[in-house]
Structures are given as C-alpha cells and as structure tokens.
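The file my_file_36.cif comes next; it holds mmCIF, C-alpha atoms and all ligand atoms.
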data_target
loop_
_atom_site.label_atom_id
_atom_site.label_comp_id
_atom_site.auth_asym_id
_atom_site.auth_seq_id
_atom_site.Cartn_x
_atom_site.Cartn_y
_atom_site.Cartn_z
CA MET A 1 -17.67 53.06 -22.87
CA GLU A 2 -17.35 54.43 -19.34
CA SER A 3 -20.74 55.05 -17.67
CA VAL A 4 -21.77 58.48 -16.36
CA ALA A 5 -21.81 57.05 -12.82
CA PHE A 6 -18.18 55.89 -13.04
CA ARG A 7 -17.07 59.15 -14.65
CA VAL A 8 -18.62 61.44 -12.05
CA ALA A 9 -17.31 59.18 -9.24
CA ARG A 10 -13.78 59.47 -10.61
CA ASP A 11 -13.97 63.24 -11.14
CA ARG A 12 -15.40 64.21 -7.72
CA ARG A 13 -12.91 62.40 -5.49
CA PRO A 14 -10.42 64.92 -4.00
CA ALA A 15 -6.66 64.36 -4.06
CA PRO A 16 -5.23 63.14 -0.72
CA ALA A 17 -5.29 66.03 1.79
CA GLY A 18 -2.34 67.27 3.81
CA PRO A 19 -2.32 67.34 7.63
CA GLU A 20 -3.82 70.81 7.90
CA GLY A 21 -7.04 70.00 6.02
CA ALA A 22 -7.38 66.74 7.92
CA SER A 23 -7.48 68.44 11.34
CA ARG A 24 -10.64 70.45 10.50
CA TYR A 25 -14.16 69.02 10.56
CA VAL A 26 -16.41 69.82 7.59
CA ASN A 27 -19.21 71.75 9.28
CA ALA A 28 -21.40 72.01 12.39
CA TRP A 29 -24.75 73.68 13.04
CA THR A 30 -27.87 73.52 15.20
CA GLU A 31 -31.31 72.60 13.87
CA ALA A 32 -34.83 72.00 15.22
CA GLU A 33 -35.65 68.43 16.28
CA ALA A 34 -37.79 66.51 18.73
CA ILE A 35 -37.24 63.64 21.11
CA GLY A 36 -40.67 62.14 21.61
CA ALA A 37 -43.02 65.03 22.37
CA ASP A 38 -40.16 67.37 23.43
CA ARG A 39 -38.92 69.87 20.90
CA VAL A 40 -35.16 70.09 21.31
CA PRO A 41 -32.25 71.69 19.46
CA ALA A 42 -30.06 69.18 17.62
CA PHE A 43 -26.33 69.68 17.14
CA VAL A 44 -25.13 68.37 13.77
CA ALA A 45 -21.44 67.86 13.01
CA ILE A 46 -19.71 66.40 9.98
CA LEU A 47 -16.32 64.76 10.42
CA ARG A 48 -13.84 64.81 7.55
CA THR A 49 -12.87 61.20 6.80
CA ARG A 50 -11.96 59.14 3.75
CA GLY A 51 -15.70 58.98 3.07
CA CYS A 52 -17.90 56.25 1.73
CA TYR A 53 -16.09 53.37 0.02
CA TRP A 54 -19.08 52.85 -2.27
CA ALA A 55 -18.72 56.41 -3.57
CA ASP A 56 -15.24 55.40 -4.84
CA VAL A 57 -16.57 52.42 -6.70
CA LYS A 58 -19.61 54.00 -8.29
CA GLY A 59 -21.66 55.85 -5.69
CA CYS A 60 -25.34 56.60 -5.41
CA SER A 61 -26.86 58.72 -8.16
CA MET A 62 -27.78 61.67 -5.88
CA CYS A 63 -24.81 61.68 -3.45
CA GLY A 64 -21.94 64.14 -3.78
CA TYR A 65 -20.62 63.90 -0.22
CA ALA A 66 -17.34 62.46 -1.52
CA ARG A 67 -16.36 66.07 -2.24
CA ASP A 68 -16.19 66.71 1.52
CA THR A 69 -13.73 63.91 2.15
CA LEU A 70 -9.98 63.64 2.62
CA GLY A 71 -9.07 61.39 -0.28
CA ARG A 72 -7.37 59.15 2.33
CA SER A 73 -8.08 57.83 5.83
CA ALA A 74 -7.77 60.30 8.73
CA THR A 75 -5.30 59.30 11.43
CA PRO A 76 -6.51 58.93 15.05
CA ALA A 77 -4.62 62.15 15.90
CA GLU A 78 -6.38 64.06 13.09
CA LEU A 79 -9.76 62.73 14.21
CA GLY A 80 -8.90 63.84 17.76
CA GLN A 81 -8.21 67.37 16.50
CA GLN A 82 -11.51 67.41 14.63
CA LEU A 83 -13.31 66.25 17.78
CA SER A 84 -11.71 69.05 19.82
CA GLY A 85 -13.01 71.59 17.30
CA ILE A 86 -16.47 70.04 17.32
CA LEU A 87 -16.59 70.09 21.14
CA ARG A 88 -15.68 73.79 21.13
CA ALA A 89 -18.82 74.40 19.02
CA TYR A 90 -21.06 72.08 21.09
CA ARG A 91 -23.47 73.74 23.57
CA ASP A 92 -24.94 70.69 25.30
CA GLN A 93 -27.77 70.29 22.81
CA PRO A 94 -29.77 67.20 23.87
CA TYR A 95 -29.74 65.62 20.40
CA VAL A 96 -26.41 65.11 18.60
CA LYS A 97 -26.07 63.91 15.00
CA LEU A 98 -22.61 62.93 13.77
CA TYR A 99 -22.00 62.32 10.07
CA THR A 100 -18.90 61.35 8.13
CA SER A 101 -19.96 61.63 4.45
CA GLY A 102 -20.07 57.84 4.69
CA SER A 103 -20.21 55.26 7.48
CA PHE A 104 -19.20 56.08 11.05
CA LEU A 105 -18.79 52.33 11.66
CA ASP A 106 -16.38 51.72 8.76
CA ASP A 107 -12.88 51.30 10.26
CA ARG A 108 -11.37 52.93 7.16
CA GLU A 109 -13.26 56.14 7.99
CA VAL A 110 -13.12 56.18 11.79
CA ASP A 111 -10.97 53.63 13.63
CA PRO A 112 -12.64 51.80 16.54
CA ALA A 113 -10.72 53.63 19.31
CA SER A 114 -11.56 57.05 17.80
CA ARG A 115 -15.21 56.01 17.51
CA ALA A 116 -15.34 55.19 21.22
CA SER A 117 -13.64 58.50 22.18
CA ILE A 118 -15.98 60.53 19.99
CA VAL A 119 -19.11 58.88 21.38
CA SER A 120 -17.95 59.05 25.00
CA ALA A 121 -17.22 62.78 24.61
CA PHE A 122 -20.99 63.35 24.39
CA SER A 123 -21.92 60.82 27.11
CA GLY A 124 -23.76 62.46 29.99
CA ARG A 125 -24.24 65.62 27.91
CA ALA A 126 -26.56 64.50 25.09
CA ARG A 127 -29.74 62.45 25.55
CA ARG A 128 -29.57 60.94 22.10
CA LEU A 129 -26.68 60.46 19.69
CA LEU A 130 -27.18 59.55 16.04
CA PHE A 131 -24.68 58.36 13.47
CA GLU A 132 -25.11 56.93 9.99
CA THR A 133 -23.66 53.77 8.51
CA LEU A 134 -24.02 51.27 5.69
CA PRO A 135 -25.76 48.06 6.80
CA GLU A 136 -22.75 45.75 6.49
CA PHE A 137 -21.01 47.54 9.38
CA VAL A 138 -23.88 47.01 11.86
CA THR A 139 -22.26 44.21 13.89
CA PRO A 140 -22.15 43.52 17.64
CA GLU A 141 -18.35 44.11 17.53
CA ASN A 142 -18.85 47.62 16.15
CA VAL A 143 -21.98 48.69 18.02
CA GLY A 144 -21.42 47.06 21.45
CA PRO A 145 -18.47 49.25 22.57
CA LEU A 146 -20.29 52.43 21.51
CA ARG A 147 -23.43 51.48 23.39
CA ASP A 148 -21.25 50.92 26.47
CA ALA A 149 -19.47 54.26 25.93
CA PHE A 150 -22.64 56.38 25.76
CA GLN A 151 -25.05 56.98 28.64
CA GLY A 152 -28.15 57.74 26.64
CA GLU A 153 -29.87 56.58 23.51
CA LEU A 154 -27.86 55.58 20.45
CA GLU A 155 -29.66 56.03 17.14
CA ILE A 156 -28.23 54.36 14.06
CA ALA A 157 -29.36 55.70 10.70
CA LEU A 158 -29.30 53.76 7.43
CA GLY A 159 -29.74 55.22 3.95
CA LEU A 160 -32.31 52.70 2.75
CA GLU A 161 -33.77 55.16 0.17
CA SER A 162 -36.34 52.71 -1.30
CA THR A 163 -37.70 49.27 -0.47
CA GLN A 164 -38.16 48.49 -4.18
CA PRO A 165 -35.09 46.43 -5.26
CA GLU A 166 -35.17 47.56 -8.90
CA ILE A 167 -35.44 51.24 -8.02
CA LEU A 168 -32.61 50.92 -5.53
CA ARG A 169 -30.33 49.03 -7.91
CA ARG A 170 -31.01 50.78 -11.21
CA PHE A 171 -31.94 54.37 -10.30
CA VAL A 172 -30.28 55.00 -6.92
CA ASN A 173 -27.22 52.79 -7.64
CA LYS A 174 -27.05 51.43 -4.10
CA GLY A 175 -24.54 48.67 -3.51
CA SER A 176 -26.85 46.49 -1.37
CA PRO A 177 -30.49 45.43 -1.78
CA PRO A 178 -33.25 46.71 0.51
CA SER A 179 -33.37 43.38 2.35
CA GLU A 180 -29.91 44.13 3.83
CA TYR A 181 -31.08 47.49 5.14
CA LEU A 182 -34.24 46.01 6.62
CA ALA A 183 -32.22 43.26 8.33
CA ALA A 184 -29.75 45.85 9.67
CA GLY A 185 -32.65 47.87 11.12
CA GLU A 186 -33.65 44.79 13.08
CA ARG A 187 -30.07 44.17 14.23
CA VAL A 188 -29.78 47.75 15.47
CA ARG A 189 -32.80 47.20 17.69
CA SER A 190 -31.59 43.84 18.94
CA MET A 191 -28.40 45.63 20.08
CA GLY A 192 -30.41 48.07 22.18
CA ALA A 193 -30.25 51.10 19.85
CA ARG A 194 -32.87 53.06 17.92
CA SER A 195 -33.09 52.45 14.19
CA LYS A 196 -33.73 55.18 11.64
CA ALA A 197 -34.00 54.98 7.84
CA TYR A 198 -33.68 57.68 5.22
CA LEU A 199 -36.04 57.36 2.25
CA LEU A 200 -35.33 59.19 -0.98
CA LEU A 201 -38.07 61.14 -2.74
CA LYS A 202 -37.60 61.13 -6.51
CA PRO A 203 -34.57 59.18 -7.63
CA PRO A 204 -33.75 59.94 -11.28
CA HIS A 205 -35.82 58.30 -14.04
CA LEU A 206 -39.03 58.18 -11.97
CA THR A 207 -41.93 60.49 -12.72
CA GLU A 208 -43.19 62.72 -9.91
CA ARG A 209 -46.17 60.41 -9.38
CA GLU A 210 -44.03 57.23 -9.40
CA ALA A 211 -41.71 58.86 -6.87
CA ILE A 212 -44.56 59.62 -4.46
CA GLU A 213 -45.91 56.07 -4.74
CA ASP A 214 -42.39 54.67 -4.20
CA VAL A 215 -41.91 56.61 -0.96
CA VAL A 216 -45.35 55.82 0.45
CA ARG A 217 -44.81 52.13 -0.27
CA SER A 218 -41.35 52.28 1.26
CA VAL A 219 -42.72 53.89 4.44
CA GLU A 220 -45.22 51.06 4.79
CA LEU A 221 -42.71 48.27 4.15
CA ALA A 222 -39.89 49.73 6.26
CA ALA A 223 -41.98 50.88 9.24
CA PRO A 224 -41.89 47.50 11.08
CA ASN A 225 -38.06 47.57 11.12
CA PHE A 226 -37.38 51.22 12.02
CA ASP A 227 -38.26 53.50 14.93
CA ALA A 228 -38.02 56.56 12.69
CA LEU A 229 -38.26 57.22 8.96
CA SER A 230 -37.10 60.42 7.30
CA ILE A 231 -38.22 61.32 3.79
CA ASN A 232 -35.34 63.10 2.06
CA PRO A 233 -36.29 64.80 -1.21
CA VAL A 234 -33.44 64.91 -3.72
CA HIS A 235 -31.47 68.13 -3.91
CA ILE A 236 -28.90 68.52 -6.64
CA GLN A 237 -25.45 67.92 -5.21
CA GLY A 238 -22.30 68.66 -7.20
CA GLY A 239 -20.51 65.77 -8.86
CA THR A 240 -23.48 63.41 -9.14
CA VAL A 241 -25.44 61.60 -11.83
CA VAL A 242 -28.47 63.65 -10.81
CA GLU A 243 -26.54 66.88 -11.46
CA TRP A 244 -25.44 65.51 -14.85
CA LEU A 245 -29.11 64.95 -15.75
CA TYR A 246 -30.18 68.31 -14.28
CA HIS A 247 -27.71 70.21 -16.47
CA ARG A 248 -29.22 68.45 -19.50
CA ARG A 249 -32.81 69.34 -18.41
CA ARG A 250 -33.59 65.70 -17.74
CA TYR A 251 -34.22 66.04 -14.01
CA ARG A 252 -36.31 68.41 -11.88
CA PRO A 253 -36.07 68.20 -8.06
CA PRO A 254 -39.40 67.14 -6.55
CA TRP A 255 -42.21 69.59 -5.94
CA LEU A 256 -42.93 70.43 -2.31
CA TRP A 257 -46.49 69.36 -3.09
CA SER A 258 -45.16 65.88 -3.79
CA LEU A 259 -43.29 65.89 -0.50
CA SER A 260 -46.40 67.06 1.32
CA GLU A 261 -48.50 64.28 -0.23
CA ALA A 262 -45.81 61.67 0.51
CA LEU A 263 -45.62 62.76 4.17
CA ARG A 264 -49.40 62.90 4.61
CA ARG A 265 -50.03 59.51 3.02
CA GLY A 266 -46.93 57.98 4.60
CA ALA A 267 -48.29 59.03 8.01
CA GLU A 268 -51.31 56.79 7.39
CA VAL A 269 -49.14 53.69 6.92
CA ARG A 270 -46.17 54.36 9.23
CA GLY A 271 -47.46 52.18 12.11
CA ALA A 272 -45.60 53.08 15.31
CA SER A 273 -42.66 54.72 13.52
CA ARG A 274 -41.96 58.41 13.67
CA LEU A 275 -42.16 59.97 10.20
CA VAL A 276 -40.37 63.23 9.43
CA THR A 277 -38.96 65.36 6.67
CA PHE A 278 -36.42 68.17 6.98
CA PRO A 279 -35.55 68.99 3.37
CA THR A 280 -32.13 70.33 2.38
CA ALA A 281 -32.16 73.32 -0.01
CA GLY A 282 -35.96 73.57 0.25
CA GLY A 283 -37.37 76.35 -1.94
CA LEU A 284 -34.15 76.69 -3.97
CA PRO A 285 -33.87 75.78 -7.66
CA ARG A 286 -31.55 72.85 -6.87
CA GLY A 287 -33.76 71.65 -4.00
CA PRO A 288 -37.40 70.59 -3.66
CA HIS A 289 -39.51 73.60 -4.62
CA ASN A 290 -42.88 74.91 -5.76
CA CYS A 291 -43.56 78.22 -7.49
CA GLY A 292 -41.57 80.41 -5.10
CA ARG A 293 -44.60 82.20 -3.59
CA CYS A 294 -45.78 79.38 -1.33
CA ASP A 295 -42.49 77.55 -0.65
CA ARG A 296 -41.81 79.13 2.72
CA ASP A 297 -45.32 78.33 4.03
CA VAL A 298 -45.19 74.75 2.80
CA LEU A 299 -41.73 74.19 4.28
CA THR A 300 -42.88 75.57 7.63
CA ALA A 301 -45.93 73.28 7.60
CA LEU A 302 -43.72 70.26 6.76
CA GLU A 303 -41.36 71.07 9.62
CA GLU A 304 -44.18 71.60 12.11
CA ALA A 305 -45.83 68.32 11.08
CA SER A 306 -42.50 66.51 11.45
CA LEU A 307 -41.81 67.94 14.91
CA ASP A 308 -45.31 67.37 16.30
CA GLN A 309 -46.26 64.25 14.30
CA ARG A 310 -49.56 65.91 13.41
CA PHE A 311 -50.15 65.91 9.68
CA GLY A 312 -53.69 67.31 9.29
CA SER A 313 -52.56 70.87 8.48
CA LEU A 314 -50.84 69.64 5.30
CA GLU A 315 -54.28 69.14 3.75
CA GLU A 316 -55.10 72.82 4.23
CA LEU A 317 -52.14 74.15 2.23
CA THR A 318 -53.03 75.82 -1.02
CA CYS A 319 -51.55 77.94 -3.82
CA SER A 320 -52.35 78.49 -7.48
CA CYS A 321 -49.28 76.39 -8.39
CA ARG A 322 -50.94 73.31 -6.94
CA GLY A 323 -52.93 73.03 -10.18
CA ASP A 324 -49.68 73.32 -12.19
CA TRP A 325 -48.23 70.46 -10.16
CA GLN A 326 -51.30 68.30 -10.80
CA ARG A 327 -51.20 69.04 -14.54
CA ALA A 328 -47.46 68.32 -14.65
CA ASN A 329 -48.11 64.96 -12.96
CA GLU A 330 -50.74 64.06 -15.55
CA LEU A 331 -48.64 65.11 -18.56
CA GLU A 332 -45.25 63.79 -17.42
CA PRO A 333 -45.97 60.10 -18.24
CA LEU A 334 -46.78 61.25 -21.80
CA GLY A 335 -43.41 62.96 -22.12
CA LEU A 336 -45.03 66.42 -22.13
CA GLU A 337 -44.49 69.46 -19.92
CA ALA A 338 -47.35 71.44 -18.37
S1 LIG B 401 -25.63 57.83 -0.34
FE1 LIG B 401 -24.50 56.74 1.27
S2 LIG B 401 -23.96 54.75 0.32
FE2 LIG B 401 -24.50 56.12 -1.36
S3 LIG B 401 -22.54 56.99 -2.03
FE3 LIG B 401 -23.45 58.45 -0.55
S4 LIG B 401 -22.57 57.92 1.43
FE4 LIG B 401 -22.22 56.15 0.02
#

Kindly present the structure from the file in structure tokens form.
Ligand code: SF4
Amino acid sequence: MESVAFRVARDRRPAPAGPEGASRYVNAWTEAEAIGADRVPAFVAILRTRGCYWADVKGCSMCGYARDTLGRSATPAELGQQLSGILRAYRDQPYVKLYTSGSFLDDREVDPASRASIVSAFSGRARRLLFETLPEFVTPENVGPLRDAFQGELEIALGLESTQPEILRRFVNKGSPPSEYLAAGERVRSMGARSKAYLLLKPPHLTEREAIEDVVRSVELAAPNFDALSINPVHIQGGTVVEWLYHRRRYRPPWLWSLSEALRRGAEVRGASRLVTFPTAGGLPRGPHNCGRCDRDVLTALEEASLDQRFGSLEELTCSCRGDWQRANELEPLGLEA
C-alpha cells in the first residue's frame, strides 16, 4: 500500500508551468534581523524553481514548499526575469535572504551562471547574503564562484532539523543523516562562508516534552559546526504529512511555551553560535500558539531575545495557560489530554 508520505508528495506537485508563471518570483518581503549587535532590516525573496528534488521522491513530513514550484526547471531567461522583479522590490537592505523552495546550489533549480548573476546583483549593496541548500551540493565548485561574485559575507543555511538520526529518518523523513549536515557545516566554513542550521521544533510523533529535549540536544550537538542556529517550530503547511495528521487530530503545533523553553535552554548550550527563532504563523491555529491571550507578548519576547541574544526576559513571561501547557506535557505521554 502507498504510504501517506508518497501520496501527499504526488498530490502536491504542480503541473509544469507555462512561461508566464515562470517569469514571476514567489514572494518578497522585509523582516527584522541582526548582523552581530546591529539590528538591520532583512530582504527575503523566494525564487520560483523546480524545487527540491527530495520533495518529489518523498519529501520531509512538514514541508509543503513544493506547491510554490514550477513543476519543471526554470530557464536562465526566466530566472533573469525573476531577478529583475526581485531587484525592483529591493531597497538596499543590508541582509538578503534568497530561497528557492529547495536548494539554491542544485543545478536543476538554478543553473551555475544564473546563480553567479543573482549573487553578484547584490554585491556591494548587501553586507550579508544567505541562501539555503541541501548538504550534498556544498562543494568548492558550487560555492567558490559565488564567494568570488559577492563582496560581503555569504551565509549558507542547511535544514538539519535534528541531530538525532532516528528522529530525522523516521519522523522528519530527511533524505540524509545528521552527520552529512554537520560535515557540510564544516565545509561551508572552510570555504570562507558563514554556516547556519535550521532546527525543527516538534516533528510529528514526538510529545511536546520530547520535542523540547530534541531541540535542546540538537543545539548542543550542532553548535560547534554552525555560526548560527535557528529554531523553527512546525507550522502546518498544505500538502504535507503533518497536515494529514492535523486534519485527523493527531498533531498539534507546538506551544509557544515550548519554544520559549527550547530557546532559553538552548542558549545555555549554544557555545559561540548565535541562537534565534522567528516563527512562521506564530499565534495562529496552524502555527505555534498558546491560549490566544498571551501569544503576542510571547512572540515579541522571542523576537527581542533573538535579535539581542539576551534570553533572561523569557523567564519572566507568564499567563494562566502556562499551567495548561505543563499539565498537557504531563498527561500527553499517557495518551490523555489536559
Ligand atoms: S524541508 Fe528541505 S529537504 Fe525537506 S522536502 Fe522541504 S525543501 Fe526538501
């Protein structure tokens, strides 16, 4: 029988797009960030490409980015049109983050010449440029030309998610073990770039408490290989295994209290790495949330702590739902709801 993962992967992949859809990038916006102690605006842009090859095969349990893809590779001309649109929206923000719903360094998504043009378009304008990739594409042949094309700091992000091999393989459905991500983090640094890892809070099939412990442990184990670690709590994306479970009441996105504890305890074991969280869909039913009354305050405290790298204020947060969260954590391993 076909597994849920294979079925949702097959159903979410769009049909091959025509030329008009391929000339438009997915989205662009500005968000708060920091470079060292400086708070700076970050410009985020998402290119429309063929997307992640692993999402075609099976995909990760929480990732629905395949829905934003072309269903085929973009041509260099189409990528050039997308870049022109992105540059029209760019206002010289010092931090630039470029995503592709997959790997910027995969030739099937962005060909090498287009990669160099895209990166050089921000050279001399941005201080730091980030892109994301799977670890197998972090090679000197791929990274070297981009480092040469950009006057500033390149930051290469990897979706490590968890350093526990069984969690990564069985619950996140990643295609590579954590050791490959850790090794890629080291390679990024040896090529003169900054390394960043995303860590997932609450993959499916973990209790809230197990999820917190998994992230704290992952922060500690990954910190020696990465300059920055970002804790990403699961939000329910369309066309994913997590959404399939959510619709059957078998998955709740993490509490913001869990995220707060993970950030606070992670900060104690992060070594020299920067540790941040900027949750997507925070406070919404499909994103990490508390009771609704305190969500805004907790989200603000998490963002402030991430920007300033000062985590003490997280201990002062309070709301009556904190007790509900603690009770839920105690009852969940017994299969009961608070
Ligand atoms: S999380 Fe990353 S590796 Fe997994 S399917 Fe999505 S884009 Fe691919």

Spatial neighbours of range 143-149 of chain A, 7 Å, all atoms listed in the file, chain gap at least 6 places, as a PyMOL selection string
chain A and resi 116+119-120

Selected residues written out, C-alpha atoms, as an mmCIF file, in the frame of the given file:
data_model
loop_
_atom_site.group_PDB
_atom_site.id
_atom_site.type_symbol
_atom_site.label_atom_id
_atom_site.label_comp_id
_atom_site.auth_asym_id
_atom_site.auth_seq_id
_atom_site.Cartn_x
_atom_site.Cartn_y
_atom_site.Cartn_z
ATOM 1 C CA ALA A 116 -15.340 55.190 21.220
ATOM 2 C CA VAL A 119 -19.110 58.880 21.380
ATOM 3 C CA SER A 120 -17.950 59.050 25.000
#

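The nearest approach to Gln93 in chain A among the residues A:Pro203, A:Gly18, A:Gly124, A:Gly64, with all atoms listed in the file taken into account, belongs to A:Gly124.
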
Nearest to Ala42 in chain A among A:Val216, A:Ala281, A:Cys319, A:Leu98, with distances taken over all atoms listed in the file: which residue is it?
A:Leu98

What's around Leu221 in chain A at 10 Å? Count all atoms listed in the file, leave out sequence neighbours fewer than 2 positions away in its own chain, and write the answer as an MDAnalysis selection string.
chainID A and resid 162:164 182 215:219 223:226 269:270

With C-alpha atoms kept, could you save the residues just selected as a tab-separated table (two decimals), in the frame of the given file?
chain	number	residue	atom	x	y	z
A	162	SER	CA	-36.34	52.71	-1.30
A	163	THR	CA	-37.70	49.27	-0.47
A	164	GLN	CA	-38.16	48.49	-4.18
A	182	LEU	CA	-34.24	46.01	6.62
A	215	VAL	CA	-41.91	56.61	-0.96
A	216	VAL	CA	-45.35	55.82	0.45
A	217	ARG	CA	-44.81	52.13	-0.27
A	218	SER	CA	-41.35	52.28	1.26
A	219	VAL	CA	-42.72	53.89	4.44
A	223	ALA	CA	-41.98	50.88	9.24
A	224	PRO	CA	-41.89	47.50	11.08
A	225	ASN	CA	-38.06	47.57	11.12
A	226	PHE	CA	-37.38	51.22	12.02
A	269	VAL	CA	-49.14	53.69	6.92
A	270	ARG	CA	-46.17	54.36	9.23

Check which residues of chain A sit at most 9 Å from ligand LIG 401 (chain B) using only C-alpha atoms and all ligand atoms, and return one row each with the closest pair of atoms and their distance in Å to one decimal, ordered by chain and rising number, as CSV.
residue,atom,partner,partner_atom,distance
A:Gly51,CA,B:LIG401,S4,7.1
A:Cys52,CA,B:LIG401,FE4,4.6
A:Tyr53,CA,B:LIG401,FE4,6.7
A:Trp54,CA,B:LIG401,FE4,5.1
A:Ala55,CA,B:LIG401,S3,4.2
A:Asp56,CA,B:LIG401,S3,8.0
A:Val57,CA,B:LIG401,S3,8.9
A:Lys58,CA,B:LIG401,S3,7.5
A:Gly59,CA,B:LIG401,S3,3.9
A:Cys60,CA,B:LIG401,FE2,4.2
A:Ser61,CA,B:LIG401,FE2,7.7
A:Met62,CA,B:LIG401,S1,7.1
A:Cys63,CA,B:LIG401,FE3,4.5
A:Gly64,CA,B:LIG401,FE3,6.7
A:Tyr65,CA,B:LIG401,FE3,6.1
A:Ala66,CA,B:LIG401,FE3,7.4
A:Thr100,CA,B:LIG401,S4,8.4
A:Ser101,CA,B:LIG401,S4,5.4
A:Gly102,CA,B:LIG401,S4,4.1
A:Ser103,CA,B:LIG401,S4,7.0
A:Glu132,CA,B:LIG401,FE1,8.7
A:Thr133,CA,B:LIG401,FE1,7.9
A:Leu134,CA,B:LIG401,S2,6.4
A:Leu158,CA,B:LIG401,FE1,8.4
A:Gly159,CA,B:LIG401,FE1,6.1
A:Leu160,CA,B:LIG401,FE1,8.9
A:Glu161,CA,B:LIG401,S1,8.6
A:Val172,CA,B:LIG401,FE2,8.1
A:Asn173,CA,B:LIG401,FE2,7.6
A:Lys174,CA,B:LIG401,FE2,6.0
A:Gly175,CA,B:LIG401,S2,7.2
A:Ser176,CA,B:LIG401,S2,8.9

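With CA of Gly266 in chain A on one side and CA of Glu153 in chain A on the other, the separation reads 25.5 Å.
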
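For the residues A:Leu129, A:Leu47, A:Ile118, A:Ala22, ranking by smallest atom-to-atom distance to Ala74 in chain A using only C-alpha atoms places A:Ala22 first.
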
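We find CA of Glu136 in chain A and CA of Arg72 in chain A to be spaced 20.8 Å apart.
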
Do you know which residues are at most 10 Å from Arg189 in chain A counting only C-alpha atoms, after dropping those on the same chain fewer than 3 positions away, and could you put them as a ChimeraX atom specification?
/A:155-156,184-186,192-195,225-227
